[in-house]
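Pasting structure_33.pdb here (PDB, C-alpha atoms, pLDDT in the B column):
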MODEL        1
ATOM      1  CA  MET E   1      20.002 -16.857   8.473  1.00 50.00           C
ATOM      2  CA  LYS E   2      20.509 -16.851   4.696  1.00 60.00           C
ATOM      3  CA  GLU E   3      20.454 -13.579   2.781  1.00 57.00           C
ATOM      4  CA  ALA E   4      17.337 -14.715   0.866  1.00 56.00           C
ATOM      5  CA  ASP E   5      15.549 -15.229   4.207  1.00 59.00           C
ATOM      6  CA  MET E   6      16.410 -11.663   5.273  1.00 71.00           C
ATOM      7  CA  ARG E   7      14.750 -10.073   2.240  1.00 88.00           C
ATOM      8  CA  GLU E   8      11.682  -7.871   2.690  1.00 94.00           C
ATOM      9  CA  TRP E   9       8.785  -7.950   0.250  1.00 94.00           C
ATOM     10  CA  ALA E  10       5.244  -6.648  -0.197  1.00 95.00           C
ATOM     11  CA  VAL E  11       2.033  -8.023  -1.686  1.00 95.00           C
ATOM     12  CA  PHE E  12      -1.215  -6.177  -2.480  1.00 95.00           C
ATOM     13  CA  SER E  13      -4.549  -7.966  -2.099  1.00 92.00           C
ATOM     14  CA  HIS E  14      -5.665  -6.763  -5.555  1.00 90.00           C
ATOM     15  CA  SER E  15      -2.679  -8.481  -7.220  1.00 89.00           C
ATOM     16  CA  GLU E  16      -1.535 -11.290  -4.932  1.00 85.00           C
ATOM     17  CA  ASP E  17       0.416 -12.966  -7.735  1.00 92.00           C
ATOM     18  CA  LYS E  18       2.815  -9.988  -7.973  1.00 95.00           C
ATOM     19  CA  VAL E  19       5.515  -9.698  -5.293  1.00 95.00           C
ATOM     20  CA  PHE E  20       7.252  -6.346  -4.784  1.00 96.00           C
ATOM     21  CA  TYR E  21      10.852  -6.208  -3.577  1.00 95.00           C
ATOM     22  CA  ASP E  22      11.397  -2.576  -4.591  1.00 95.00           C
ATOM     23  CA  PHE E  23       9.577  -0.294  -2.147  1.00 94.00           C
ATOM     24  CA  ASN E  24       9.682   2.599  -4.602  1.00 97.00           C
ATOM     25  CA  ALA E  25       7.488   0.384  -6.802  1.00 96.00           C
ATOM     26  CA  VAL E  26       5.205  -0.179  -3.784  1.00 95.00           C
ATOM     27  CA  ARG E  27       4.755   3.586  -3.457  1.00 95.00           C
ATOM     28  CA  ASP E  28       4.031   3.858  -7.193  1.00 96.00           C
ATOM     29  CA  GLU E  29       1.456   1.038  -6.935  1.00 95.00           C
ATOM     30  CA  ILE E  30      -0.280   2.784  -4.006  1.00 91.00           C
ATOM     31  CA  ILE E  31      -0.508   5.984  -6.049  1.00 90.00           C
ATOM     32  CA  ALA E  32      -1.791   4.141  -9.137  1.00 92.00           C
ATOM     33  CA  ARG E  33      -4.350   2.159  -7.123  1.00 91.00           C
ATOM     34  CA  THR E  34      -5.540   5.309  -5.317  1.00 88.00           C
ATOM     35  CA  ASP E  35      -6.019   7.037  -8.682  1.00 88.00           C
ATOM     36  CA  ALA E  36      -7.949   4.007  -9.982  1.00 90.00           C
ATOM     37  CA  ILE E  37     -10.217   3.842  -6.931  1.00 87.00           C
ATOM     38  CA  ALA E  38     -10.682   7.485  -5.944  1.00 82.00           C
ATOM     39  CA  GLY E  39      -9.845   9.309  -9.165  1.00 82.00           C
ATOM     40  CA  LYS E  40      -7.108  11.782  -9.982  1.00 79.00           C
ATOM     41  CA  LEU E  41      -8.651  14.330  -7.591  1.00 76.00           C
ATOM     42  CA  LYS E  42      -8.281  11.822  -4.721  1.00 69.00           C
ATOM     43  CA  GLY E  43     -11.944  11.681  -3.776  1.00 72.00           C
ATOM     44  CA  VAL E  44     -13.162   9.533  -0.897  1.00 75.00           C
ATOM     45  CA  SER E  45     -13.951   5.868  -1.550  1.00 79.00           C
ATOM     46  CA  ASN E  46     -15.212   2.946   0.539  1.00 80.00           C
ATOM     47  CA  GLU E  47     -12.882   0.568  -1.298  1.00 85.00           C
ATOM     48  CA  GLU E  48      -9.739  -0.309   0.621  1.00 86.00           C
ATOM     49  CA  ILE E  49      -6.172  -0.901  -0.448  1.00 89.00           C
ATOM     50  CA  GLN E  50      -4.699  -3.851   1.420  1.00 91.00           C
ATOM     51  CA  LEU E  51      -0.936  -4.190   1.532  1.00 92.00           C
ATOM     52  CA  CYS E  52       1.049  -6.849   3.400  1.00 92.00           C
ATOM     53  CA  ILE E  53       4.722  -6.176   4.007  1.00 92.00           C
ATOM     54  CA  HIS E  54       6.813  -9.159   5.042  1.00 92.00           C
ATOM     55  CA  SER E  55      10.067  -8.640   6.913  1.00 92.00           C
ATOM     56  CA  PRO E  56      12.100 -10.852   9.230  1.00 90.00           C
ATOM     57  CA  THR E  57      13.414  -7.782  11.094  1.00 88.00           C
ATOM     58  CA  VAL E  58      10.245  -6.062  12.352  1.00 84.00           C
ATOM     59  CA  VAL E  59       7.367  -6.941  14.682  1.00 87.00           C
ATOM     60  CA  ASP E  60       3.815  -7.594  13.442  1.00 88.00           C
ATOM     61  CA  LEU E  61       1.808  -4.397  13.032  1.00 87.00           C
ATOM     62  CA  THR E  62      -1.588  -3.487  11.611  1.00 86.00           C
ATOM     63  CA  LEU E  63      -2.086   0.070  10.381  1.00 82.00           C
ATOM     64  CA  VAL E  64      -5.448   1.494   9.376  1.00 79.00           C
ATOM     65  CA  ASP E  65      -5.545   4.736   7.422  1.00 74.00           C
ATOM     66  CA  LEU E  66      -8.952   6.347   7.831  1.00 68.00           C
ATOM     67  CA  PRO E  67     -10.226   7.550   4.445  1.00 62.00           C
ATOM     68  CA  GLY E  68     -11.479  11.068   3.997  1.00 58.00           C
ATOM     69  CA  LEU E  69      -9.567  12.605   6.878  1.00 58.00           C
ATOM     70  CA  THR E  70      -7.372  15.298   5.412  1.00 58.00           C
ATOM     71  CA  LYS E  71      -5.820  18.556   6.503  1.00 59.00           C
ATOM     72  CA  VAL E  72      -5.728  20.005   2.993  1.00 60.00           C
ATOM     73  CA  PRO E  73      -9.027  20.552   1.162  1.00 62.00           C
ATOM     74  CA  VAL E  74      -9.298  18.738  -2.165  1.00 62.00           C
ATOM     75  CA  ALA E  75     -11.714  19.156  -5.057  1.00 63.00           C
ATOM     76  CA  GLY E  76     -14.882  17.097  -4.982  1.00 59.00           C
TER
ENDMDL
END
Represent the structure of the file as structure tokens.
Amino acid sequence: MKEADMREWAVFSHSEDKVFYDFNAVRDEIIARTDAIAGKLKGVSNEEIQLCIHSPTVVDLTLVDLPGLTKVPVAG
């Protein structure tokens, strides 16, 4: 397998034209999108963040993070 075929990348549904190869940038995008949707105080929102990570080295997996379930109380 070629090195280019072994590369992992991520795509968000809200910006499908942008491909992320740096997973630190993925984390930053999740934080920015959460702030945009739920506000700086991280309130609860019905809007979802969809992220697809593509990798030739892992099995298919779907993860659902349930919004509003938290162990630490937040404002709002």
Two-atom distance - CA of Asp17 (chain E), CA of Glu48 (chain E) (Å): 18.3 Å
Taking the file as I've supplied it (selection: the PyMOL selection byres ((chain E and resi 51-55) around 10)), which residues are included? Please answer as an MDAnalysis selection string. chainID E and resid 5:16 19:21 23 26 30 48:50 56:63
Atomic separation - CA of Asp65 (chain E) relative to CA of Glu29 (chain E), Å: 16.4 Å
